[in-house]
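Dumped run.txt below, it's compact mmCIF, C-alpha atoms and all ligand atoms:
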```txt
# COMPACT_ATOMS: atom_id res chain seq x y z
CA MET A 1 11.78 -0.67 9.45
CA VAL A 2 15.00 1.32 9.12
CA VAL A 3 17.23 0.26 6.20
CA ALA A 4 20.97 0.60 6.71
CA HIS A 5 22.21 -1.23 3.65
CA VAL A 6 20.77 -2.15 0.25
CA ARG A 7 22.30 -4.76 -2.04
CA LEU A 8 20.84 -5.34 -5.51
CA ARG A 9 21.74 -7.83 -8.19
CA ASP A 10 20.06 -7.67 -11.61
CA PHE A 11 17.09 -5.83 -10.21
CA ARG A 12 15.40 -3.57 -12.83
CA SER A 13 18.03 -1.15 -14.16
CA TYR A 14 20.67 -2.15 -11.56
CA PRO A 15 23.19 -4.86 -12.52
CA ALA A 16 24.84 -4.67 -9.11
CA LEU A 17 24.48 -2.11 -6.35
CA GLU A 18 25.72 -1.71 -2.79
CA LEU A 19 24.41 1.32 -0.97
CA ASP A 20 24.52 2.44 2.65
CA LEU A 21 21.56 4.50 3.81
CA GLU A 22 20.99 6.63 6.89
CA PRO A 23 18.09 6.81 9.31
CA GLY A 24 15.94 9.92 8.91
CA LEU A 25 15.27 11.64 5.61
CA VAL A 26 16.92 10.16 2.53
CA LEU A 27 16.51 12.11 -0.69
CA VAL A 28 16.99 10.14 -3.90
CA THR A 29 17.69 12.41 -6.86
CA GLY A 30 18.34 11.97 -10.55
CA PRO A 31 16.94 12.82 -13.97
CA ASN A 32 13.87 11.12 -15.45
CA GLY A 33 14.45 7.47 -16.19
CA ALA A 34 17.61 7.28 -14.09
CA GLY A 35 16.25 4.56 -11.77
CA LYS A 36 14.88 6.43 -8.73
CA THR A 37 11.56 4.60 -8.68
CA ASN A 38 13.39 1.33 -9.34
CA LEU A 39 15.48 1.90 -6.20
CA LEU A 40 12.44 2.74 -4.08
CA GLU A 41 10.63 -0.28 -5.49
CA ALA A 42 13.62 -2.47 -4.64
CA VAL A 43 13.55 -1.31 -1.02
CA HIS A 44 9.82 -2.06 -0.88
CA VAL A 45 10.34 -5.52 -2.34
CA GLY A 46 13.07 -6.14 0.22
CA ALA A 47 10.96 -4.93 3.14
CA GLN A 48 7.52 -6.24 2.17
CA GLY A 49 8.14 -8.98 -0.36
CA PHE A 50 6.23 -7.48 -3.25
CA SER A 51 6.36 -4.58 -5.70
CA PRO A 52 4.05 -1.62 -5.20
CA ARG A 53 4.06 -1.10 -9.00
CA THR A 54 3.39 -4.45 -10.57
CA ARG A 55 2.19 -7.95 -9.91
CA ALA A 56 4.18 -9.24 -12.86
CA GLU A 57 7.29 -9.95 -10.83
CA ALA A 58 9.37 -11.12 -13.77
CA GLN A 59 9.46 -7.43 -14.76
CA LEU A 60 11.67 -6.80 -11.75
CA VAL A 61 14.44 -8.99 -13.13
CA ARG A 62 16.91 -6.99 -15.20
CA PHE A 63 16.50 -7.45 -18.94
CA ASP A 64 18.62 -10.41 -20.10
CA ALA A 65 19.17 -11.75 -16.56
CA ASP A 66 17.55 -14.93 -15.24
CA ALA A 67 17.18 -13.86 -11.65
CA GLY A 68 17.09 -10.63 -9.66
CA ARG A 69 17.78 -10.11 -5.98
CA VAL A 70 17.25 -7.51 -3.26
CA ALA A 71 18.95 -7.86 0.11
CA LEU A 72 18.40 -5.39 2.93
CA ALA A 73 20.06 -5.05 6.29
CA GLY A 74 18.60 -2.80 8.92
CA SER A 75 16.46 -2.85 12.04
CA GLU A 76 12.87 -3.12 13.10
CA GLY A 77 11.87 -1.73 16.46
CA GLY A 78 15.51 -1.91 17.60
CA SER A 79 16.26 -5.51 16.50
CA ARG A 80 18.59 -6.22 13.62
CA VAL A 81 16.95 -7.66 10.51
CA GLU A 82 18.24 -8.96 7.21
CA THR A 83 16.00 -9.83 4.31
CA GLU A 84 16.63 -11.32 0.94
CA VAL A 85 14.14 -11.59 -1.92
CA THR A 86 15.16 -13.46 -5.05
CA ILE A 87 12.99 -13.48 -8.15
CA VAL A 88 13.74 -16.16 -10.67
CA ARG A 89 12.23 -15.69 -14.09
CA GLY A 90 9.55 -18.30 -14.67
CA GLU A 91 9.86 -19.71 -11.15
CA GLY A 92 8.58 -17.02 -8.81
CA LYS A 93 10.29 -15.66 -5.72
CA ARG A 94 12.14 -16.87 -2.66
CA LEU A 95 12.08 -14.90 0.58
CA ARG A 96 14.41 -15.00 3.54
CA LEU A 97 14.30 -13.23 6.87
CA ASN A 98 17.42 -13.40 9.05
CA GLY A 99 18.57 -16.35 7.01
CA ALA A 100 15.41 -18.44 7.35
CA ALA A 101 13.22 -19.17 4.34
CA LEU A 102 9.69 -17.73 4.49
CA ALA A 103 6.65 -19.36 2.93
CA SER A 104 5.07 -16.11 1.80
CA ALA A 105 5.40 -12.35 1.59
CA GLU A 106 2.72 -12.06 4.29
CA GLU A 107 5.24 -13.37 6.81
CA LEU A 108 7.58 -10.56 5.90
CA ARG A 109 4.78 -8.00 6.10
CA ALA A 110 3.78 -9.27 9.51
CA ARG A 111 7.32 -8.60 10.78
CA LEU A 112 8.42 -5.45 8.96
CA THR A 113 6.50 -2.29 8.33
CA ALA A 114 6.81 -0.02 5.34
CA LEU A 115 4.33 2.32 3.71
CA VAL A 116 4.61 3.55 0.20
CA PHE A 117 3.25 6.35 -1.94
CA VAL A 118 3.64 5.85 -5.68
CA PRO A 119 1.80 8.04 -8.19
CA ASP A 120 -0.47 5.06 -9.07
CA ARG A 121 -1.86 5.30 -5.55
CA LEU A 122 -3.87 8.31 -6.65
CA ALA A 123 -6.35 5.67 -7.77
CA VAL A 124 -7.30 5.28 -4.10
CA VAL A 125 -9.04 8.65 -4.39
CA LYS A 126 -9.70 8.85 -8.12
CA GLY A 127 -10.65 5.27 -8.81
CA GLY A 128 -13.81 3.28 -8.19
CA PRO A 129 -15.03 1.85 -4.87
CA LEU A 130 -13.16 -1.40 -5.50
CA VAL A 131 -9.79 0.33 -5.21
CA ARG A 132 -10.77 2.05 -1.95
CA ARG A 133 -12.17 -1.14 -0.44
CA ALA A 134 -9.02 -3.04 -1.33
CA TYR A 135 -6.88 -0.26 0.15
CA VAL A 136 -8.85 -0.14 3.40
CA ASP A 137 -8.66 -3.93 3.67
CA ARG A 138 -4.88 -3.82 3.23
CA MET A 139 -4.61 -1.11 5.87
CA LEU A 140 -6.68 -3.38 8.11
CA GLY A 141 -4.12 -6.13 7.61
CA ARG A 142 -1.29 -3.75 8.53
CA LEU A 143 -2.93 -2.05 11.50
CA GLU A 144 -4.93 -4.94 12.92
CA PRO A 145 -2.81 -8.00 12.15
CA VAL A 146 -5.32 -10.34 13.83
CA GLN A 147 -7.92 -9.21 11.29
CA ALA A 148 -5.59 -9.58 8.33
CA SER A 149 -7.26 -12.73 7.03
CA LEU A 150 -10.82 -11.41 7.39
CA PRO A 151 -11.18 -9.82 3.92
CA GLY A 152 -9.94 -13.03 2.29
CA GLU A 153 -12.22 -15.23 4.39
CA TYR A 154 -15.19 -13.05 3.56
CA GLY A 155 -14.25 -13.09 -0.13
CA ARG A 156 -14.11 -16.88 -0.13
CA ALA A 157 -17.49 -17.23 1.62
CA LEU A 158 -18.96 -14.79 -0.89
CA ALA A 159 -17.51 -16.71 -3.83
CA GLN A 160 -18.97 -19.93 -2.42
CA ARG A 161 -22.38 -18.36 -2.02
CA ASN A 162 -22.28 -17.01 -5.57
CA GLU A 163 -21.26 -20.42 -6.82
CA ALA A 164 -24.16 -22.00 -4.90
CA LEU A 165 -26.57 -19.42 -6.36
CA ARG A 166 -25.43 -20.31 -9.88
CA ARG A 167 -25.80 -24.01 -9.26
CA VAL A 168 -29.38 -23.46 -8.11
CA ARG A 169 -30.02 -21.30 -11.16
CA ALA A 170 -28.64 -24.05 -13.39
CA GLY A 171 -30.91 -26.60 -11.70
CA LEU A 172 -27.92 -28.46 -10.28
CA SER A 173 -28.86 -28.10 -6.62
CA SER A 174 -31.67 -27.03 -4.33
CA ARG A 175 -31.99 -23.70 -2.56
CA ASP A 176 -30.92 -25.30 0.68
CA ALA A 177 -27.42 -25.39 -0.70
CA VAL A 178 -27.22 -21.58 -0.54
CA GLU A 179 -28.23 -21.48 3.11
CA PRO A 180 -24.92 -22.25 4.87
CA TRP A 181 -23.12 -19.70 2.69
CA THR A 182 -25.72 -17.04 3.43
CA GLU A 183 -24.99 -17.68 7.08
CA ARG A 184 -21.24 -17.29 6.54
CA VAL A 185 -21.66 -14.13 4.47
CA VAL A 186 -23.81 -12.59 7.20
CA GLU A 187 -21.37 -13.56 9.92
CA LEU A 188 -18.07 -12.71 8.23
CA GLY A 189 -19.63 -9.71 6.48
CA ALA A 190 -20.61 -8.23 9.84
CA PHE A 191 -17.09 -8.76 11.21
CA LEU A 192 -15.47 -7.21 8.16
CA ASP A 193 -17.87 -4.29 8.09
CA ARG A 194 -17.26 -3.56 11.77
CA ALA A 195 -13.49 -3.91 11.38
CA ARG A 196 -13.47 -1.46 8.47
CA ALA A 197 -15.67 1.01 10.32
CA GLY A 198 -13.38 0.79 13.37
CA LEU A 199 -10.28 1.30 11.27
CA VAL A 200 -11.72 4.27 9.41
CA ALA A 201 -12.87 5.83 12.69
CA ALA A 202 -9.37 5.40 14.12
CA LEU A 203 -7.74 6.95 11.05
CA ALA A 204 -10.19 9.76 10.38
CA PRO A 205 -8.96 12.34 12.94
CA GLY A 206 -5.31 11.87 11.93
CA PHE A 207 -6.28 12.00 8.28
CA ALA A 208 -8.06 15.33 8.81
CA ASP A 209 -5.05 16.72 10.72
CA ARG A 210 -2.50 15.54 8.18
CA ALA A 211 -4.59 16.86 5.29
CA ALA A 212 -5.00 20.25 7.02
CA GLN A 213 -1.22 20.44 7.50
CA LEU A 214 -0.88 19.91 3.77
CA GLY A 215 -3.42 22.63 3.05
CA LEU A 216 -6.55 20.55 2.51
CA GLU A 217 -9.20 21.71 4.95
CA GLU A 218 -12.16 19.74 6.31
CA ALA A 219 -10.87 16.45 4.98
CA GLU A 220 -13.04 13.51 5.92
CA LEU A 221 -12.77 9.77 5.78
CA ARG A 222 -16.10 8.02 6.32
CA TYR A 223 -17.39 4.49 6.43
CA GLU A 224 -20.74 3.87 8.04
CA GLU A 225 -21.17 0.47 9.58
CA GLU A 226 -23.90 -1.35 7.69
CA PRO A 227 -23.53 -5.08 8.26
CA PRO A 228 -25.32 -7.40 5.84
CA THR A 229 -28.30 -8.91 7.65
CA ARG A 230 -30.08 -12.18 7.19
CA GLU A 231 -33.27 -10.25 6.38
CA ALA A 232 -31.59 -8.15 3.70
CA LEU A 233 -30.07 -11.24 2.04
CA ASP A 234 -33.35 -13.20 2.24
CA ALA A 235 -35.27 -10.28 0.78
CA ARG A 236 -32.94 -10.29 -2.23
CA LEU A 237 -32.69 -14.02 -2.69
CA GLU A 238 -34.79 -14.11 -5.88
CA ARG A 239 -32.74 -11.40 -7.48
CA ASP A 240 -29.47 -12.97 -6.33
CA LEU A 241 -30.55 -16.31 -7.80
CA ARG A 242 -31.36 -14.67 -11.14
CA ARG A 243 -28.04 -12.85 -11.29
CA GLY A 244 -25.90 -15.45 -9.65
CA THR A 245 -24.27 -12.84 -7.40
CA THR A 246 -24.80 -11.51 -3.89
CA SER A 247 -26.25 -8.01 -3.90
CA VAL A 248 -25.59 -6.84 -0.33
CA GLY A 249 -22.49 -6.87 1.80
CA PRO A 250 -19.15 -5.19 2.42
CA HIS A 251 -17.96 -6.20 -1.06
CA LEU A 252 -20.22 -3.44 -2.41
CA ARG A 253 -19.49 -0.69 0.07
CA ASP A 254 -17.45 2.44 -0.49
CA VAL A 255 -15.28 4.59 1.73
CA ALA A 256 -15.95 8.30 1.33
CA ILE A 257 -12.94 10.59 0.97
CA ALA A 258 -14.16 14.17 1.00
CA ALA A 259 -13.23 17.75 1.76
CA GLY A 260 -16.25 19.40 3.36
CA PRO A 261 -19.18 18.65 1.07
CA ARG A 262 -16.98 17.68 -1.88
CA GLU A 263 -16.34 14.05 -2.71
CA LEU A 264 -12.72 14.26 -3.86
CA ARG A 265 -13.10 11.47 -6.38
CA SER A 266 -15.36 13.62 -8.56
CA PHE A 267 -14.71 17.13 -7.31
CA GLY A 268 -11.09 17.22 -6.20
CA SER A 269 -8.26 18.75 -8.19
CA GLN A 270 -5.33 16.49 -9.01
CA GLY A 271 -3.31 18.27 -6.32
CA GLU A 272 -6.06 17.77 -3.73
CA GLN A 273 -6.37 14.11 -4.62
CA ARG A 274 -2.62 13.70 -4.21
CA THR A 275 -2.74 15.53 -0.89
CA ALA A 276 -5.53 13.24 0.31
CA VAL A 277 -3.58 10.08 -0.56
CA LEU A 278 -0.49 11.48 1.17
CA ALA A 279 -2.52 12.43 4.23
CA LEU A 280 -3.84 8.89 4.33
CA VAL A 281 -0.33 7.43 4.18
CA LEU A 282 0.94 9.81 6.89
CA ALA A 283 -2.09 9.18 9.11
CA GLU A 284 -1.51 5.45 8.80
CA ALA A 285 2.17 5.92 9.63
CA ASP A 286 1.22 7.88 12.77
CA LEU A 287 -1.21 5.18 13.86
CA GLN A 288 1.32 2.42 13.20
CA ALA A 289 3.97 4.26 15.19
CA GLU A 290 1.51 4.61 18.06
CA ARG A 291 0.37 1.00 18.01
CA ARG A 292 3.66 -0.74 17.29
CA GLY A 293 5.90 1.63 19.18
CA SER A 294 8.12 2.22 16.16
CA PRO A 295 7.30 4.13 12.97
CA PRO A 296 7.14 2.40 9.57
CA LEU A 297 9.64 2.98 6.81
CA LEU A 298 8.10 5.57 4.49
CA LEU A 299 8.76 5.38 0.77
CA LEU A 300 7.50 8.41 -1.12
CA ASP A 301 7.92 8.35 -4.88
CA ASP A 302 7.50 11.58 -6.78
CA VAL A 303 5.41 13.17 -4.04
CA LEU A 304 6.68 16.66 -4.65
CA SER A 305 5.52 17.08 -8.21
CA GLU A 306 2.15 18.73 -8.60
CA LEU A 307 2.39 20.25 -5.15
CA ASP A 308 2.97 23.98 -4.99
CA ALA A 309 5.90 25.40 -3.01
CA ALA A 310 3.82 25.96 0.13
CA ARG A 311 2.54 22.37 0.11
CA ARG A 312 5.98 20.97 -0.60
CA GLY A 313 7.23 22.91 2.41
CA ALA A 314 4.36 21.67 4.56
CA LEU A 315 5.00 18.09 3.52
CA ALA A 316 8.72 18.36 4.22
CA ALA A 317 8.04 19.86 7.63
CA SER A 318 5.49 17.21 8.55
CA LEU A 319 7.51 14.09 7.75
CA PRO A 320 7.29 11.90 10.83
CA ALA A 321 10.09 12.46 13.30
CA GLY A 322 12.14 9.37 14.03
CA ALA A 323 11.04 7.52 10.91
CA GLN A 324 13.25 6.72 7.96
CA THR A 325 11.70 8.37 4.93
CA ILE A 326 13.00 7.83 1.42
CA VAL A 327 11.78 10.49 -1.00
CA THR A 328 12.52 10.68 -4.72
CA ALA A 329 12.80 13.95 -6.62
CA THR A 330 14.42 15.02 -9.87
CA SER A 331 16.78 17.36 -8.04
CA ARG A 332 17.86 18.48 -4.60
CA GLU A 333 16.14 21.80 -5.35
CA ALA A 334 12.72 20.14 -5.70
CA PHE A 335 12.94 19.63 -1.96
CA PRO A 336 12.25 22.85 -0.08
CA ALA A 337 15.40 24.58 1.10
CA ASP A 338 13.69 25.67 4.32
CA GLY A 339 12.55 22.12 5.07
CA PRO A 340 14.42 19.60 7.19
CA GLU A 341 17.97 18.88 6.06
CA PRO A 342 18.17 15.39 4.48
CA ALA A 343 20.34 12.97 6.42
CA LEU A 344 21.53 11.66 3.06
CA VAL A 345 21.23 12.57 -0.61
CA VAL A 346 21.58 9.68 -3.06
CA GLU A 347 22.36 10.46 -6.68
CA VAL A 348 21.01 8.02 -9.22
CA ARG A 349 22.29 7.49 -12.76
CA PRO A 350 21.31 4.63 -15.06
CA GLY A 351 22.47 1.43 -13.41
CA GLU A 352 24.10 3.20 -10.45
CA ALA A 353 23.27 4.99 -7.23
CA ARG A 354 25.76 6.64 -4.92
CA ARG A 355 25.87 8.80 -1.82
CA ALA A 356 26.34 12.45 -2.76
N1 LIG A 401 13.61 -5.17 -15.87
C1 LIG A 401 14.34 -4.12 -16.25
N2 LIG A 401 15.61 -4.29 -16.70
C2 LIG A 401 16.37 -3.24 -17.09
N3 LIG A 401 15.94 -1.98 -17.07
C3 LIG A 401 14.71 -1.74 -16.63
C4 LIG A 401 13.84 -2.79 -16.19
N4 LIG A 401 12.66 -2.25 -15.82
C5 LIG A 401 12.78 -0.93 -16.01
N5 LIG A 401 13.99 -0.61 -16.49
C6 LIG A 401 14.51 0.71 -16.86
O1 LIG A 401 14.42 1.56 -15.75
C7 LIG A 401 14.25 2.89 -16.23
C8 LIG A 401 13.19 3.61 -15.45
O2 LIG A 401 13.62 3.73 -14.16
P1 LIG A 401 12.74 4.51 -13.09
O3 LIG A 401 13.24 4.08 -11.77
O4 LIG A 401 11.29 4.34 -13.37
O5 LIG A 401 13.20 6.01 -13.42
P2 LIG A 401 12.97 7.32 -12.57
O6 LIG A 401 14.32 7.74 -12.10
O7 LIG A 401 12.39 8.30 -13.53
O8 LIG A 401 12.05 7.00 -11.45
C9 LIG A 401 13.85 2.80 -17.67
O9 LIG A 401 14.90 3.31 -18.44
C10 LIG A 401 13.67 1.32 -17.91
O10 LIG A 401 14.10 0.95 -19.18
MG MG A 402 10.09 7.58 -11.12
```

Let me see the file written as structure tokens.
Amino acid sequence: MVVAHVRLRDFRSYPALELDLEPGLVLVTGPNGAGKTNLLEAVHVGAQGFSPRTRAEAQLVRFDADAGRVALAGSEGGSRVETEVTIVRGEGKRLRLNGAALASAEELRARLTALVFVPDRLAVVKGGPLVRRAYVDRMLGRLEPVQASLPGEYGRALAQRNEALRRVRAGLSSRDAVEPWTERVVELGAFLDRARAGLVAALAPGFADRAAQLGLEEAELRYEEEPPTREALDARLERDLRRGTTSVGPHLRDVAIAAGPRELRSFGSQGEQRTAVLALVLAEADLQAERRGSPPLLLLDDVLSELDAARRGALAASLPAGAQTIVTATSREAFPADGPEPALVVEVRPGEARRA
């Protein structure tokens, strides 16, 4: 998506804001606490229907206000789009696309594309396997929309099987009751495992290229296909019954993010971990642009900190051409002078943002 206009009402630190943006590189500057991340978050809420920072959506409503709103006007793949997301304290949110009410944020995500880097995303490299699996499954939803429901379907089959295991353990039902769910876990687990392996294989070359551009050599993204089999589940049935959980399947797999022989989770510096997450975001943006024919909106919060001057320069130079990219930084100077000229600099002060 390309955002031309942002309108906020009682969203985070903004009582009321009207701001015109430009396609291309938009640099959002201001001192700590001014509201840069809030603005980026607002654009993400408007484009995707949810916050990249929190699930507690009432936090998005400005202190003392009852409801907060983000409205965006812009375009997606050449067509005009207008979105409106209203969050009412205690009631949840309402979404509109081109005037029509949407039932869920997924509908917005299916239509509009935006990718975000926030410092919390470092957890994709630093955190446990759960974070990486969840991230890969969300990428799957974005890059292979027809597969978007697969992780959820697998998760539900798994939960049903675990429930059946516990009922058997409690003497409430016979082992036969587990059988149909074992079947589903094998079937959906194989689909999900293959889909993840396919996605990782499609992303891996771009990830390596993007990481190399940012100064991280031999970067690798790996996921070996290892579908759960009937035999493997049957062989573990006794153990699964004792524990009441399923001990094989894609819900236990990890995605390796490495540089040469080093797993970056344990052996990467903070800067390398940041570079890897950025490379992942940029590789996904490249793949989306290729598959959808138009690049996603890129929202990069605080990406420049912790990168040395050479890496900041490399990042600036490698921002996807033709995409709108909104980058936050404490000052104009944080952005390399020899990098691309921003199409627009926005200056943020508490409660306000204006074109410089
Ligand atoms: N719901 C809210 N209502 C009013 N102010 C908020 C709300 N949530 C956060 N803030 C304020 O926003 C400021 C932080 O803004 P942020 O965008 O994170 O700053 P930065 O420019 O450093 O990225 C804090 O001063 C905080 O008090
Ligand atoms: Mg911030």

>> Neighbours of ligand LIG 401 (chain A) at 7 Å or closer, counting only C-alpha atoms and all ligand atoms: which residues, as a ChimeraX atom specification?
In response: /A:11-13,30-39,59-63

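The space separating CA of Gln273 in chain A from CA of Arg196 in chain A comes to 21.5 Å.
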
>> Set the distance at 7 Å and use all atoms listed in the file: which residues neighbour range 207-211 of chain A once local chain neighbours fewer than 2 positions away are removed? I'd like the list as a PyMOL selection string.
In response: chain A and resi 203-205+213-220+275-276+279-280+282-283

> CA of Arg80 in chain A to CA of Leu17 in chain A: how many Å, to one decimal?
Replying inline: 21.2 Å

> Using only C-alpha atoms, what residues lie at most 12 Å away from (-19.1, -17.2, -2.6) (file coordinates), given as an NGL selection string?
Replying inline: :A and (152-167 or 177-186 or 188-189 or 240 or 244-247 or 249 or 251)

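Using all atoms listed in the file, the smallest distance between any of A:Gly351, A:Pro15, A:Pro227, A:Gly293 and Asp66 in chain A comes from A:Pro15.
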
> Between A:Gly90, A:Gly49, A:Gly141, A:Pro23, which is the closest to Ala103 in chain A once you count all atoms listed in the file?
Replying inline: A:Gly49

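Comparing the minimum interatomic distances between Asp64 in chain A and each of A:Asp10, A:Ala110, A:Leu172, A:Asp308, counting only C-alpha atoms, we find that A:Asp10 sits nearest.
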
> If you count only C-alpha atoms, which residues fall within 12 Å of Val43 in chain A, apart from same-chain ones fewer than 4 positions away, as a PyMOL selection string?
Replying inline: chain A and resi 1-8+11+19+21+36-39+47-52+69-74+83-85+112-116+297-301+325-327

How would the residues just chosen look if you wrote them out with C-alpha atoms as a PDB file, in the coordinates of the input?
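What ended up in again05.pdb:
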```
ATOM      1  CA  MET A   1      11.780  -0.670   9.450  1.00  0.00           C
ATOM      2  CA  VAL A   2      15.000   1.320   9.120  1.00  0.00           C
ATOM      3  CA  VAL A   3      17.230   0.260   6.200  1.00  0.00           C
ATOM      4  CA  ALA A   4      20.970   0.600   6.710  1.00  0.00           C
ATOM      5  CA  HIS A   5      22.210  -1.230   3.650  1.00  0.00           C
ATOM      6  CA  VAL A   6      20.770  -2.150   0.250  1.00  0.00           C
ATOM      7  CA  ARG A   7      22.300  -4.760  -2.040  1.00  0.00           C
ATOM      8  CA  LEU A   8      20.840  -5.340  -5.510  1.00  0.00           C
ATOM      9  CA  PHE A  11      17.090  -5.830 -10.210  1.00  0.00           C
ATOM     10  CA  LEU A  19      24.410   1.320  -0.970  1.00  0.00           C
ATOM     11  CA  LEU A  21      21.560   4.500   3.810  1.00  0.00           C
ATOM     12  CA  LYS A  36      14.880   6.430  -8.730  1.00  0.00           C
ATOM     13  CA  THR A  37      11.560   4.600  -8.680  1.00  0.00           C
ATOM     14  CA  ASN A  38      13.390   1.330  -9.340  1.00  0.00           C
ATOM     15  CA  LEU A  39      15.480   1.900  -6.200  1.00  0.00           C
ATOM     16  CA  ALA A  47      10.960  -4.930   3.140  1.00  0.00           C
ATOM     17  CA  GLN A  48       7.520  -6.240   2.170  1.00  0.00           C
ATOM     18  CA  GLY A  49       8.140  -8.980  -0.360  1.00  0.00           C
ATOM     19  CA  PHE A  50       6.230  -7.480  -3.250  1.00  0.00           C
ATOM     20  CA  SER A  51       6.360  -4.580  -5.700  1.00  0.00           C
ATOM     21  CA  PRO A  52       4.050  -1.620  -5.200  1.00  0.00           C
ATOM     22  CA  ARG A  69      17.780 -10.110  -5.980  1.00  0.00           C
ATOM     23  CA  VAL A  70      17.250  -7.510  -3.260  1.00  0.00           C
ATOM     24  CA  ALA A  71      18.950  -7.860   0.110  1.00  0.00           C
ATOM     25  CA  LEU A  72      18.400  -5.390   2.930  1.00  0.00           C
ATOM     26  CA  ALA A  73      20.060  -5.050   6.290  1.00  0.00           C
ATOM     27  CA  GLY A  74      18.600  -2.800   8.920  1.00  0.00           C
ATOM     28  CA  THR A  83      16.000  -9.830   4.310  1.00  0.00           C
ATOM     29  CA  GLU A  84      16.630 -11.320   0.940  1.00  0.00           C
ATOM     30  CA  VAL A  85      14.140 -11.590  -1.920  1.00  0.00           C
ATOM     31  CA  LEU A 112       8.420  -5.450   8.960  1.00  0.00           C
ATOM     32  CA  THR A 113       6.500  -2.290   8.330  1.00  0.00           C
ATOM     33  CA  ALA A 114       6.810  -0.020   5.340  1.00  0.00           C
ATOM     34  CA  LEU A 115       4.330   2.320   3.710  1.00  0.00           C
ATOM     35  CA  VAL A 116       4.610   3.550   0.200  1.00  0.00           C
ATOM     36  CA  LEU A 297       9.640   2.980   6.810  1.00  0.00           C
ATOM     37  CA  LEU A 298       8.100   5.570   4.490  1.00  0.00           C
ATOM     38  CA  LEU A 299       8.760   5.380   0.770  1.00  0.00           C
ATOM     39  CA  LEU A 300       7.500   8.410  -1.120  1.00  0.00           C
ATOM     40  CA  ASP A 301       7.920   8.350  -4.880  1.00  0.00           C
ATOM     41  CA  THR A 325      11.700   8.370   4.930  1.00  0.00           C
ATOM     42  CA  ILE A 326      13.000   7.830   1.420  1.00  0.00           C
ATOM     43  CA  VAL A 327      11.780  10.490  -1.000  1.00  0.00           C
TER      44      VAL A 327
END
```

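Ranking A:Thr330, A:Ala323, A:Ile257, A:Gly339 by their shortest atom-to-atom distance to Val124 in chain A, with all atoms listed in the file included, puts A:Ile257 first.
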
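In this model, the gap between CA of Leu122 in chain A and CA of Gly268 in chain A comes to 11.5 Å.
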
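Nearest residue to Ala314 in chain A, choosing from A:Gly99, A:Thr328, A:Pro340, A:Leu264 and counting only C-alpha atoms: A:Pro340.
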
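Residue nearest Val146 in chain A, chosen from A:Ala195, A:Ser269, A:Ala65, A:Ala16 and counting all atoms listed in the file: A:Ala195.
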
Write out as a compact mmCIF listing (two decimals) with C-alpha atoms, keeping the file's coordinate frame each polymer residue whose atoms come within 12 Å of Ala356 in chain A, counting all atoms listed in the file; drop sequence neighbours fewer than 3 positions from it.
```txt
# COMPACT_ATOMS: atom_id res chain seq x y z
CA LEU A 19 24.41 1.32 -0.97
CA ASP A 20 24.52 2.44 2.65
CA LEU A 21 21.56 4.50 3.81
CA VAL A 26 16.92 10.16 2.53
CA LEU A 27 16.51 12.11 -0.69
CA VAL A 28 16.99 10.14 -3.90
CA THR A 29 17.69 12.41 -6.86
CA GLY A 30 18.34 11.97 -10.55
CA SER A 331 16.78 17.36 -8.04
CA ARG A 332 17.86 18.48 -4.60
CA PRO A 342 18.17 15.39 4.48
CA ALA A 343 20.34 12.97 6.42
CA LEU A 344 21.53 11.66 3.06
CA VAL A 345 21.23 12.57 -0.61
CA VAL A 346 21.58 9.68 -3.06
CA GLU A 347 22.36 10.46 -6.68
CA VAL A 348 21.01 8.02 -9.22
CA ARG A 349 22.29 7.49 -12.76
CA ALA A 353 23.27 4.99 -7.23
```

Selection: 7 Å around Pro295 in chain A, only C-alpha atoms, excl. self and same-chain fewer than 4 positions, as an mmCIF file with C-alpha atoms, in the coordinates of the input:
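To be explicit, this is the file written out as part38.cif:
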```cif
data_model
loop_
_atom_site.group_PDB
_atom_site.id
_atom_site.type_symbol
_atom_site.label_atom_id
_atom_site.label_comp_id
_atom_site.auth_asym_id
_atom_site.auth_seq_id
_atom_site.Cartn_x
_atom_site.Cartn_y
_atom_site.Cartn_z
ATOM 1 C CA ALA A 285 2.170 5.920 9.630
ATOM 2 C CA GLN A 288 1.320 2.420 13.200
ATOM 3 C CA ALA A 289 3.970 4.260 15.190
ATOM 4 C CA ALA A 323 11.040 7.520 10.910
#
```
